[in-house]
>>> print(open('start.txt').read())   # compact mmCIF, C-alpha atoms and all ligand atoms
# COMPACT_ATOMS: atom_id res chain seq x y z
CA MET A 9 71.03 -29.31 7.40
CA ALA A 10 72.37 -28.43 10.79
CA ASN A 11 75.97 -28.95 9.78
CA ILE A 12 76.03 -26.56 6.81
CA THR A 13 78.50 -23.83 7.66
CA ASP A 14 78.93 -20.30 6.29
CA GLU A 15 82.03 -21.58 4.49
CA ASP A 16 79.90 -24.15 2.62
CA ILE A 17 77.54 -21.40 1.44
CA ARG A 18 80.18 -18.78 0.60
CA LYS A 19 81.30 -20.37 -2.67
CA PRO A 20 81.57 -18.55 -6.01
CA GLU A 21 78.73 -20.62 -7.52
CA ASN A 22 76.40 -19.42 -4.72
CA LEU A 23 77.21 -15.72 -5.13
CA VAL A 24 73.97 -13.73 -5.58
CA TYR A 25 75.08 -10.17 -4.80
CA SER A 26 78.43 -8.41 -4.81
CA ARG A 27 79.56 -4.83 -5.15
CA THR A 28 79.54 -3.65 -8.76
CA LYS A 29 82.89 -3.18 -10.50
CA VAL A 30 81.64 0.14 -11.93
CA LEU A 31 82.21 1.65 -8.47
CA THR A 32 85.82 2.18 -7.45
CA GLU A 33 87.18 0.73 -4.22
CA ASN A 34 87.25 4.22 -2.65
CA ILE A 35 85.15 4.72 0.47
CA MET A 36 82.42 7.19 -0.50
CA SER A 37 82.59 10.51 1.31
CA TYR A 38 78.88 10.53 2.15
CA CYS A 39 77.58 10.49 5.71
CA PRO A 40 76.56 7.06 7.05
CA GLY A 41 73.12 6.14 5.66
CA CYS A 42 72.97 8.90 3.04
CA GLY A 43 70.92 8.02 -0.06
CA HIS A 44 73.65 9.41 -2.34
CA GLY A 45 75.63 6.18 -1.92
CA THR A 46 72.69 3.95 -2.80
CA ALA A 47 71.88 6.14 -5.81
CA HIS A 48 75.50 5.84 -7.01
CA ARG A 49 75.37 2.08 -6.59
CA ILE A 50 72.21 1.56 -8.67
CA ILE A 51 73.51 3.80 -11.47
CA ALA A 52 76.77 1.81 -11.48
CA GLU A 53 74.88 -1.49 -11.49
CA VAL A 54 72.77 -0.38 -14.47
CA ILE A 55 75.91 0.62 -16.37
CA GLU A 56 77.52 -2.74 -15.56
CA GLU A 57 74.42 -4.69 -16.59
CA MET A 58 74.15 -2.76 -19.88
CA GLY A 59 77.87 -3.35 -20.56
CA ILE A 60 78.51 0.33 -21.30
CA GLN A 61 81.25 1.16 -18.77
CA ASP A 62 83.76 2.10 -21.49
CA LYS A 63 81.33 4.37 -23.34
CA THR A 64 79.64 6.22 -20.52
CA VAL A 65 80.55 9.73 -19.38
CA GLY A 66 79.19 11.04 -16.08
CA ILE A 67 78.93 14.71 -15.15
CA ALA A 68 79.49 15.42 -11.44
CA PRO A 69 77.87 18.47 -9.85
CA VAL A 70 78.75 20.77 -6.96
CA GLY A 71 77.37 19.56 -3.63
CA CYS A 72 78.07 16.47 -1.55
CA SER A 73 78.40 14.49 -4.79
CA VAL A 74 81.09 16.83 -6.17
CA LEU A 75 83.57 13.97 -5.74
CA ALA A 76 81.41 11.46 -7.65
CA TYR A 77 84.28 11.05 -10.12
CA ASN A 78 86.24 9.33 -7.35
CA PHE A 79 83.50 6.77 -6.81
CA PHE A 80 82.40 5.83 -10.35
CA ASP A 81 84.97 3.89 -12.36
CA LEU A 82 83.95 5.86 -15.44
CA ASP A 83 85.07 8.80 -17.53
CA MET A 84 83.75 11.74 -15.52
CA GLN A 85 83.74 15.51 -15.83
CA GLN A 86 82.98 17.79 -12.91
CA ALA A 87 80.89 20.85 -13.81
CA PRO A 88 80.52 24.27 -12.14
CA HIS A 89 77.54 24.53 -9.78
CA GLY A 90 74.30 23.82 -11.69
CA ARG A 91 75.94 23.56 -15.11
CA ALA A 92 76.02 19.78 -15.45
CA PRO A 93 73.23 19.69 -18.10
CA ALA A 94 75.15 22.23 -20.21
CA VAL A 95 78.37 20.21 -19.91
CA GLY A 96 76.40 17.01 -20.56
CA THR A 97 74.92 18.59 -23.69
CA ALA A 98 78.41 19.34 -25.02
CA VAL A 99 79.79 15.88 -24.22
CA LYS A 100 76.82 14.10 -25.81
CA ARG A 101 76.96 16.25 -28.96
CA LEU A 102 80.70 15.60 -29.35
CA LEU A 103 80.43 11.90 -28.51
CA PRO A 104 76.96 10.90 -29.72
CA ASP A 105 77.76 7.19 -29.45
CA HIS A 106 78.43 7.55 -25.72
CA PHE A 107 75.96 7.38 -22.85
CA VAL A 108 75.99 10.64 -20.90
CA PHE A 109 74.44 11.23 -17.50
CA THR A 110 74.33 14.13 -15.06
CA TYR A 111 74.11 13.58 -11.32
CA GLN A 112 72.89 16.58 -9.35
CA GLY A 113 71.47 17.62 -5.98
CA ASP A 114 68.47 19.90 -5.55
CA GLY A 115 70.55 22.99 -4.81
CA ASP A 116 72.53 22.30 -7.96
CA LEU A 117 69.70 21.29 -10.30
CA ALA A 118 66.72 23.26 -8.95
CA ALA A 119 68.36 26.46 -7.65
CA ILE A 120 71.60 27.69 -9.21
CA GLY A 121 71.20 25.49 -12.29
CA THR A 122 67.48 25.97 -12.96
CA ALA A 123 68.13 27.64 -16.31
CA GLU A 124 70.50 24.92 -17.54
CA THR A 125 68.12 22.21 -16.32
CA ILE A 126 65.06 23.68 -18.02
CA HIS A 127 66.78 24.51 -21.28
CA ALA A 128 68.54 21.13 -21.62
CA CYS A 129 65.22 19.38 -21.01
CA ASN A 130 63.36 21.76 -23.32
CA ARG A 131 65.91 21.22 -26.09
CA GLY A 132 65.43 17.53 -25.50
CA GLU A 133 69.12 16.73 -25.14
CA ASN A 134 69.62 12.99 -25.48
CA ILE A 135 71.06 12.54 -21.97
CA THR A 136 70.02 10.95 -18.67
CA MET A 137 69.60 13.29 -15.71
CA ILE A 138 69.62 11.93 -12.14
CA PHE A 139 68.31 14.38 -9.54
CA ILE A 140 68.88 13.77 -5.82
CA ASN A 141 66.28 15.73 -3.87
CA ASN A 142 67.03 15.83 -0.14
CA GLY A 143 65.19 19.10 0.45
CA ILE A 144 68.24 21.13 1.51
CA TYR A 145 71.80 22.14 0.63
CA GLY A 146 73.60 19.22 2.25
CA MET A 147 77.25 20.03 1.66
CA THR A 148 77.25 23.62 2.84
CA GLY A 149 75.43 23.02 6.13
CA GLY A 150 71.76 22.39 5.48
CA GLN A 151 70.53 25.72 4.12
CA MET A 152 67.02 26.06 2.67
CA ALA A 153 66.71 24.94 -0.94
CA PRO A 154 63.88 25.56 -3.43
CA THR A 155 62.73 22.03 -2.55
CA THR A 156 62.54 22.61 1.24
CA LEU A 157 59.02 21.73 2.42
CA PRO A 158 56.61 24.29 3.92
CA GLY A 159 57.35 24.42 7.64
CA MET A 160 60.58 22.41 7.26
CA LYS A 161 63.45 23.60 9.42
CA SER A 162 66.82 24.27 7.83
CA SER A 163 69.83 26.29 8.95
CA THR A 164 68.48 29.34 7.08
CA SER A 165 64.83 28.73 8.02
CA PRO A 166 65.30 27.77 11.69
CA TYR A 167 61.61 28.31 12.48
CA GLY A 168 60.50 26.36 9.43
CA ARG A 169 59.96 27.51 5.84
CA ASP A 170 57.33 30.25 5.85
CA VAL A 171 55.76 30.16 2.41
CA ALA A 172 54.47 33.74 2.73
CA THR A 173 57.99 35.16 2.93
CA MET A 174 60.17 32.34 1.53
CA GLY A 175 58.02 31.17 -1.35
CA ASN A 176 56.71 27.76 -2.35
CA PRO A 177 58.76 24.61 -2.77
CA LEU A 178 59.55 24.02 -6.44
CA LYS A 179 58.30 20.76 -7.95
CA ILE A 180 60.81 20.98 -10.76
CA THR A 181 60.26 17.39 -11.83
CA GLU A 182 56.57 18.01 -12.60
CA LEU A 183 57.60 21.21 -14.36
CA LEU A 184 60.12 19.36 -16.57
CA ALA A 185 57.49 16.77 -17.46
CA GLN A 186 55.52 19.59 -19.14
CA LEU A 187 58.35 20.29 -21.58
CA PRO A 188 58.20 18.70 -25.04
CA GLY A 189 61.90 17.71 -24.84
CA THR A 190 61.50 15.21 -21.99
CA ILE A 191 60.52 11.67 -22.95
CA TYR A 192 60.71 10.00 -19.55
CA VAL A 193 60.25 11.61 -16.13
CA ALA A 194 59.95 9.59 -12.91
CA ARG A 195 60.34 10.01 -9.17
CA HIS A 196 61.65 7.28 -6.89
CA ALA A 197 63.47 6.73 -3.57
CA VAL A 198 66.14 4.39 -2.23
CA HIS A 199 65.22 3.87 1.44
CA THR A 200 63.95 0.25 1.28
CA PRO A 201 64.91 -2.79 -0.81
CA ALA A 202 61.63 -2.55 -2.80
CA ALA A 203 62.14 1.17 -3.45
CA VAL A 204 65.74 0.59 -4.57
CA ARG A 205 64.66 -2.13 -7.02
CA LYS A 206 62.00 0.18 -8.53
CA ALA A 207 64.39 3.12 -8.71
CA LYS A 208 66.95 0.94 -10.46
CA LYS A 209 64.40 -0.07 -13.12
CA ALA A 210 63.67 3.61 -13.75
CA VAL A 211 67.39 4.42 -14.01
CA ARG A 212 67.79 1.52 -16.45
CA LYS A 213 64.97 2.87 -18.61
CA ALA A 214 66.45 6.36 -18.49
CA PHE A 215 69.76 5.00 -19.81
CA GLU A 216 68.18 2.67 -22.40
CA ASN A 217 66.26 5.66 -23.78
CA GLN A 218 69.52 7.20 -25.02
CA LYS A 219 69.60 4.48 -27.70
CA LEU A 220 66.37 5.96 -29.12
CA ASN A 221 67.75 9.51 -29.51
CA LYS A 222 64.33 11.06 -28.82
CA GLY A 223 64.90 13.39 -25.88
CA THR A 224 65.82 13.78 -22.24
CA SER A 225 65.18 11.15 -19.55
CA PHE A 226 64.96 12.41 -15.99
CA VAL A 227 64.82 10.46 -12.72
CA GLU A 228 64.35 12.22 -9.39
CA ILE A 229 65.41 10.29 -6.31
CA VAL A 230 63.86 11.69 -3.14
CA SER A 231 66.57 11.15 -0.56
CA ASN A 232 67.46 11.75 3.05
CA CYS A 233 70.12 14.06 4.39
CA ASN A 234 70.34 12.69 7.88
CA SER A 235 73.16 15.06 8.87
CA GLY A 236 71.35 18.14 7.59
CA TRP A 237 68.03 17.00 9.00
CA LYS A 238 69.77 16.14 12.30
CA MET A 239 68.38 12.62 12.59
CA THR A 240 69.72 9.08 12.49
CA PRO A 241 69.62 7.46 9.02
CA ASN A 242 66.61 5.27 9.87
CA GLN A 243 64.77 8.20 11.50
CA SER A 244 65.45 10.36 8.45
CA ASN A 245 64.12 7.67 6.11
CA LYS A 246 60.91 7.55 8.15
CA TRP A 247 60.67 11.36 8.17
CA MET A 248 61.14 11.31 4.41
CA VAL A 249 58.24 8.85 3.95
CA ASP A 250 55.97 10.84 6.29
CA HIS A 251 56.80 14.35 5.05
CA MET A 252 58.59 14.33 1.67
CA PHE A 253 56.49 11.65 -0.08
CA PRO A 254 53.12 13.45 0.31
CA TYR A 255 54.64 16.53 -1.36
CA TYR A 256 56.84 14.64 -3.82
CA PRO A 257 54.79 11.55 -4.73
CA MET A 258 56.55 8.45 -6.08
CA GLY A 259 56.02 7.07 -9.55
CA GLU A 260 56.21 7.62 -13.29
CA ILE A 261 55.20 11.18 -14.25
CA LYS A 262 55.77 10.99 -18.01
CA ASP A 263 56.63 8.16 -20.37
CA THR A 264 56.16 8.94 -24.04
CA VAL A 265 58.36 6.00 -25.07
CA GLY A 266 56.25 3.38 -23.32
CA LYS A 267 53.10 4.72 -24.96
CA GLU A 268 54.26 4.53 -28.57
CA MET B 13 62.08 -30.58 0.74
CA ALA B 14 64.30 -27.99 -0.86
CA LYS B 15 65.17 -25.01 1.31
CA VAL B 16 67.46 -22.08 0.77
CA LYS B 17 70.22 -21.04 3.05
CA GLY B 18 72.08 -17.76 2.79
CA SER B 19 75.20 -16.16 4.15
CA ILE B 20 76.41 -12.58 4.07
CA VAL B 21 79.90 -11.14 4.24
CA ILE B 22 80.22 -7.54 5.45
CA ASP B 23 83.33 -5.54 4.57
CA ILE B 24 83.61 -4.14 8.11
CA GLU B 25 86.37 -1.67 7.26
CA LYS B 26 84.07 0.00 4.71
CA CYS B 27 80.87 -0.22 6.80
CA LYS B 28 79.81 3.09 8.36
CA GLY B 29 77.34 1.50 10.79
CA CYS B 30 74.37 3.45 9.41
CA GLU B 31 71.97 0.61 10.39
CA VAL B 32 69.83 0.95 7.24
CA CYS B 33 70.32 -2.78 6.60
CA ILE B 34 68.88 -3.78 9.98
CA PRO B 35 65.15 -3.09 9.32
CA ALA B 36 65.62 -4.25 5.68
CA CYS B 37 66.38 -7.81 6.81
CA PRO B 38 63.16 -9.84 7.20
CA GLU B 39 65.00 -12.47 9.26
CA GLU B 40 66.61 -10.05 11.73
CA VAL B 41 70.05 -11.40 10.99
CA ILE B 42 72.05 -8.18 11.38
CA ALA B 43 73.05 -6.21 14.47
CA ILE B 44 75.58 -3.50 15.24
CA ALA B 45 78.84 -4.66 16.80
CA GLN B 46 80.12 -3.18 20.03
CA GLN B 47 83.62 -2.92 18.50
CA VAL B 48 84.60 -0.16 16.10
CA ASN B 49 86.42 -0.41 12.78
CA GLY B 50 89.48 1.59 11.69
CA LYS B 51 87.31 4.62 10.95
CA GLY B 52 85.73 4.48 14.40
CA TYR B 53 82.34 3.22 13.25
CA LYS B 54 80.46 0.47 15.06
CA TYR B 55 79.95 -1.83 12.10
CA ALA B 56 77.10 -4.15 11.12
CA GLN B 57 77.54 -7.90 11.50
CA PRO B 58 75.44 -11.05 11.03
CA VAL B 59 74.43 -12.43 14.44
CA THR B 60 72.15 -15.37 13.60
CA ASP B 61 72.23 -18.11 10.95
CA ASP B 62 68.69 -17.41 9.70
CA CYS B 63 69.88 -15.71 6.49
CA THR B 64 67.98 -16.80 3.37
CA GLY B 65 70.17 -14.87 0.93
CA CYS B 66 67.32 -12.57 -0.13
CA THR B 67 69.84 -9.73 -0.82
CA ASN B 68 67.67 -7.05 0.84
CA CYS B 69 70.49 -5.83 3.10
CA ALA B 70 72.93 -5.54 0.20
CA VAL B 71 70.35 -3.77 -1.98
CA VAL B 72 69.81 -0.96 0.57
CA CYS B 73 73.42 -0.61 1.71
CA PRO B 74 74.54 2.91 0.71
CA ASP B 75 78.17 1.85 0.70
CA GLY B 76 77.83 -1.45 -1.12
CA VAL B 77 79.75 -3.36 1.53
CA ILE B 78 77.58 -6.49 1.72
CA THR B 79 78.17 -9.62 -0.37
CA VAL B 80 75.42 -12.26 -0.40
CA TYR B 81 75.58 -16.01 -1.07
CA ARG B 82 72.64 -18.39 -1.36
CA MET B 83 72.39 -22.13 -1.88
CA LYS B 84 69.64 -24.72 -2.14
CA VAL B 85 69.69 -27.30 0.61
CA THR B 86 67.84 -30.60 0.25
CA GLU B 87 66.84 -32.26 3.47
C1 LIG C 1 78.85 29.12 -7.95
C2 LIG C 1 78.79 28.52 -6.60
N1 LIG C 1 77.89 28.98 -5.69
C3 LIG C 1 77.80 28.44 -4.47
C4 LIG C 1 78.62 27.39 -4.11
C5 LIG C 1 78.52 26.81 -2.72
N2 LIG C 1 77.86 25.52 -2.67
C6 LIG C 1 78.56 24.36 -2.65
S1 LIG C 1 77.60 23.00 -2.49
C7 LIG C 1 76.21 23.94 -2.45
C8 LIG C 1 74.85 23.32 -2.27
C9 LIG C 1 74.67 21.96 -2.82
O1 LIG C 1 73.43 21.46 -2.45
P1 LIG C 1 72.70 20.32 -3.27
O2 LIG C 1 72.83 20.56 -4.73
O3 LIG C 1 71.30 20.23 -2.75
O4 LIG C 1 73.51 18.99 -3.00
P2 LIG C 1 73.71 18.13 -1.67
O5 LIG C 1 74.97 18.67 -1.05
O6 LIG C 1 72.50 18.31 -0.80
O7 LIG C 1 73.86 16.74 -2.18
C10 LIG C 1 76.52 25.29 -2.55
C11 LIG C 1 75.52 26.39 -2.50
C12 LIG C 1 79.54 26.93 -5.08
N3 LIG C 1 80.35 25.89 -4.81
N4 LIG C 1 79.61 27.50 -6.30
S1 LIG C 2 75.47 16.17 4.29
FE1 LIG C 2 73.53 15.19 3.75
S2 LIG C 2 73.57 14.94 1.50
FE2 LIG C 2 75.68 15.35 2.21
S3 LIG C 2 76.60 13.28 2.51
FE3 LIG C 2 75.78 13.96 4.50
S4 LIG C 2 73.71 13.08 4.58
FE4 LIG C 2 74.38 13.03 2.43
>>> encode(input="start.txt", output="structure tokens", more="lines below")
Ligand SMILES: Cc1ncc(C[n+]2csc(CCOP(=O)(O)OP(=O)(O)O)c2C)c(N)n1
Ligand code: SF4
Amino acid sequence: MANITDEDIRKPENLVYSRTKVLTENIMSYCPGCGHGTAHRIIAEVIEEMGIQDKTVGIAPVGCSVLAYNFFDLDMQQAPHGRAPAVGTAVKRLLPDHFVFTYQGDGDLAAIGTAETIHACNRGENITMIFINNGIYGMTGGQMAPTTLPGMKSSTSPYGRDVATMGNPLKITELLAQLPGTIYVARHAVHTPAAVRKAKKAVRKAFENQKLNKGTSFVEIVSNCNSGWKMTPNQSNKWMVDHMFPYYPMGEIKDTVGKE
Amino acid sequence: MAKVKGSIVIDIEKCKGCEVCIPACPEEVIAIAQQVNGKGYKYAQPVTDDCTGCTNCAVVCPDGVITVYRMKVTE
């Protein structure tokens, strides 16, 4: 065994993992260690595994993932801030045989786009919504978002979020699960290999559900924003587990499809 | 006895040196290089031959820069 070299192992027949072809070769604009990249990768892998690259349309938001159309090798449409579910509604209604997904941050989905989010989910639009919750506005410099935790520091809450004056964090995912239009609502993360594998299964289910034409599927991914949180990527992942997970617990929140 | 042996290839020009892969590897195969790539990042690289090809590093890599190979070895 001692004389087996890397060259012996690195043969096509031994390949067990390579970058999905549903991502372009462009270097993603995200900070090193940001969960956005991992979230993109699992969505792209699901699309590749389902063989739906040529009939999927993604809706990019405003935020750090505004350039998502450069990273997915898919038909993409960029929407004004918060309006991805409205644009996704239109695309899906015009192209009902296509798979349509929105990809949005918490500022986009849970602040400026709250109305579009709630009404698309309440109408039960047959789309997949991916929600990246990093607790702040990443792109614009780490301002407080509706999702910012009590006591959490941000550039507009430098002494920590004071609930008495700044209000409570919004658990929009739990709220959406109450609506009759949602058929699948789950919350996951992408900070460890096990978490990524679970999140990918949820994303797969959320895409498969579009074949059923029964309503909206929604997957929140609790993520880090190491730049905004001013930590290293590994520190921010630990902070996320210690602080974000107790407030935003992992797991399936609603699954009406599985129960039928 | 059948064993598995793995090998990873890191696209160092696309690696941003975030180090998320380092704690993900159960065999402690990966470390950060002292050299930088074209973007100025100290990139990740395999430093031991203990890789089992479990794919953990590739699965957590935000930039999808790790390719994994695995083969059965009979002693
Ligand atoms: C109508 C409008 N209002 C405000 C902005 C400024 N803006 C750009 S990105 C952003 C916040 C995005 O935060 P989030 O959705 O949490 O995504 P992240 O960057 O954290 O991934 C804001 C407020 C804008 N582009 N358009
Ligand atoms: S600012 Fe935050 S959310 Fe935006 S790419 Fe950097 S780490 Fe990710």
>>> closest_atom_pairs(input="start.txt", of="chain A", to="ligand LIG 1 (chain C)", cutoff="9 Å", atoms="only C-alpha atoms and all ligand atoms", output="Markdown table")
| residue | atom | partner | partner_atom | distance |
| --- | --- | --- | --- | --- |
| A:His44 | CA | C:LIG1 | O7 | 7.3 |
| A:Pro69 | CA | C:LIG1 | O2 | 7.5 |
| A:Val70 | CA | C:LIG1 | S1 | 5.1 |
| A:Gly71 | CA | C:LIG1 | S1 | 3.6 |
| A:Cys72 | CA | C:LIG1 | O5 | 3.8 |
| A:Ser73 | CA | C:LIG1 | O7 | 5.7 |
| A:Val74 | CA | C:LIG1 | S1 | 8.0 |
| A:Pro88 | CA | C:LIG1 | C1 | 6.6 |
| A:His89 | CA | C:LIG1 | N4 | 5.0 |
| A:Gly90 | CA | C:LIG1 | O2 | 7.8 |
| A:Gln112 | CA | C:LIG1 | O2 | 6.1 |
| A:Gly113 | CA | C:LIG1 | O2 | 3.5 |
| A:Asp114 | CA | C:LIG1 | O3 | 4.0 |
| A:Gly115 | CA | C:LIG1 | O2 | 3.3 |
| A:Asp116 | CA | C:LIG1 | O2 | 3.7 |
| A:Leu117 | CA | C:LIG1 | O2 | 6.4 |
| A:Ala118 | CA | C:LIG1 | O2 | 7.9 |
| A:Ala119 | CA | C:LIG1 | O2 | 8.0 |
| A:Ile120 | CA | C:LIG1 | N1 | 7.3 |
| A:Ile140 | CA | C:LIG1 | O7 | 6.8 |
| A:Asn141 | CA | C:LIG1 | O3 | 6.8 |
| A:Asn142 | CA | C:LIG1 | O6 | 6.0 |
| A:Gly143 | CA | C:LIG1 | O3 | 7.0 |
| A:Ile144 | CA | C:LIG1 | O3 | 5.3 |
| A:Tyr145 | CA | C:LIG1 | O1 | 3.6 |
| A:Gly146 | CA | C:LIG1 | O6 | 3.4 |
| A:Met147 | CA | C:LIG1 | O5 | 3.8 |
| A:Thr148 | CA | C:LIG1 | S1 | 5.4 |
| A:Gly149 | CA | C:LIG1 | O5 | 8.4 |
| A:Gly150 | CA | C:LIG1 | O6 | 7.5 |
| A:Gln151 | CA | C:LIG1 | C8 | 8.1 |
| A:Ala153 | CA | C:LIG1 | O3 | 6.8 |
| A:Thr155 | CA | C:LIG1 | O3 | 8.8 |
| A:Cys233 | CA | C:LIG1 | O6 | 7.1 |
| A:Gly236 | CA | C:LIG1 | O6 | 8.5 |
>>> interface_residues(input="start.txt", of="chain A", to="chain B", cutoff="7 Å", atoms="all atoms listed in the file", output="NGL selection string")
:A and (9 or 14 or 17-18 or 22-27 or 35-36 or 40-43 or 45-46 or 49 or 199-201 or 204 or 241-242)
>>> write_last_selection(input="start.txt", atoms="C-alpha atoms", output="compact mmCIF listing (two decimals), in the coordinates of the input")
# COMPACT_ATOMS: atom_id res chain seq x y z
CA MET A 9 71.03 -29.31 7.40
CA ASP A 14 78.93 -20.30 6.29
CA ILE A 17 77.54 -21.40 1.44
CA ARG A 18 80.18 -18.78 0.60
CA ASN A 22 76.40 -19.42 -4.72
CA LEU A 23 77.21 -15.72 -5.13
CA VAL A 24 73.97 -13.73 -5.58
CA TYR A 25 75.08 -10.17 -4.80
CA SER A 26 78.43 -8.41 -4.81
CA ARG A 27 79.56 -4.83 -5.15
CA ILE A 35 85.15 4.72 0.47
CA MET A 36 82.42 7.19 -0.50
CA PRO A 40 76.56 7.06 7.05
CA GLY A 41 73.12 6.14 5.66
CA CYS A 42 72.97 8.90 3.04
CA GLY A 43 70.92 8.02 -0.06
CA GLY A 45 75.63 6.18 -1.92
CA THR A 46 72.69 3.95 -2.80
CA ARG A 49 75.37 2.08 -6.59
CA HIS A 199 65.22 3.87 1.44
CA THR A 200 63.95 0.25 1.28
CA PRO A 201 64.91 -2.79 -0.81
CA VAL A 204 65.74 0.59 -4.57
CA PRO A 241 69.62 7.46 9.02
CA ASN A 242 66.61 5.27 9.87
>>> atom_distance(input="start.txt", atom1="atom CA of A:Thr110", atom2="atom CA of A:Phe139")
8.2 Å
>>> closest_residue(input="start.txt", among="A:Lys262, A:Lys161, A:Lys238, A:Lys222", to="ligand LIG 2 (chain C)", atoms="only C-alpha atoms and all ligand atoms")
A:Lys238
>>> residues_around(input="start.txt", residues="A:Lys179", least_positions_apart="2", cutoff="10 Å", atoms="all atoms listed in the file", output="JSON, numbers by chain")
{"A": [118, 154, 155, 176, 177, 181, 182, 183, 184, 255, 256]}
>>> atom_distance(input="start.txt", atom1="atom CA of A:Val54", atom2="atom CA of A:Lys209")
8.5 Å
>>> closest_residue(input="start.txt", among="A:Ile50, A:Lys246, A:Cys39, A:Arg212", to="ligand LIG 2 (chain C)", atoms="all atoms listed in the file")
A:Cys39
>>> axis_aligned_box(input="start.txt", around="stretch 229-242 of chain A", padding_each_side="5 Å", output="JSON")
{"center_x": 68.5, "center_y": 11.7, "center_z": 3.1, "size_x": 19.3, "size_y": 22.9, "size_z": 28.9}
>>> closest_residue(input="start.txt", among="A:Leu220, A:Cys129, A:Ala76, A:Ile67", to="ligand LIG 2 (chain C)", atoms="only C-alpha atoms and all ligand atoms")
A:Ala76
>>> closest_residue(input="start.txt", among="A:Asn245, A:Leu157, A:Ala185, A:Phe253", to="ligand LIG 2 (chain C)", atoms="all atoms listed in the file")
A:Asn245
>>> atom_distance(input="start.txt", atom1="atom CA of A:Ile229", atom2="atom S2 of ligand LIG 2 (chain C)")
12.2 Å
>>> decode(input="start.txt", residues="stretch 219-242 of chain A", atoms="C-alpha atoms", output="mmCIF file, in the first residue's frame")
data_model
loop_
_atom_site.group_PDB
_atom_site.id
_atom_site.type_symbol
_atom_site.label_atom_id
_atom_site.label_comp_id
_atom_site.auth_asym_id
_atom_site.auth_seq_id
_atom_site.Cartn_x
_atom_site.Cartn_y
_atom_site.Cartn_z
ATOM 1 C CA LYS A 219 -43.950 18.714 -9.740
ATOM 2 C CA LEU A 220 -46.982 18.384 -7.430
ATOM 3 C CA ASN A 221 -48.324 21.903 -8.109
ATOM 4 C CA LYS A 222 -49.736 22.190 -4.581
ATOM 5 C CA GLY A 223 -48.144 25.325 -3.154
ATOM 6 C CA THR A 224 -44.997 27.099 -2.054
ATOM 7 C CA SER A 225 -41.895 25.353 -0.682
ATOM 8 C CA PHE A 226 -39.627 27.436 1.517
ATOM 9 C CA VAL A 227 -36.159 26.639 2.879
ATOM 10 C CA GLU A 228 -34.390 29.005 5.268
ATOM 11 C CA ILE A 229 -30.631 28.625 5.532
ATOM 12 C CA VAL A 230 -29.250 30.218 8.692
ATOM 13 C CA SER A 231 -25.883 31.525 7.568
ATOM 14 C CA ASN A 232 -22.860 33.451 8.727
ATOM 15 C CA CYS A 233 -21.775 36.879 7.583
ATOM 16 C CA ASN A 234 -18.248 36.796 8.862
ATOM 17 C CA SER A 235 -17.400 40.226 7.415
ATOM 18 C CA GLY A 236 -20.474 41.878 8.906
ATOM 19 C CA TRP A 237 -20.088 40.056 12.200
ATOM 20 C CA LYS A 238 -16.363 40.931 12.203
ATOM 21 C CA MET A 239 -15.114 37.399 12.842
ATOM 22 C CA THR A 240 -13.139 34.764 10.988
ATOM 23 C CA PRO A 241 -15.297 32.270 9.041
ATOM 24 C CA ASN A 242 -14.791 29.469 11.590
#
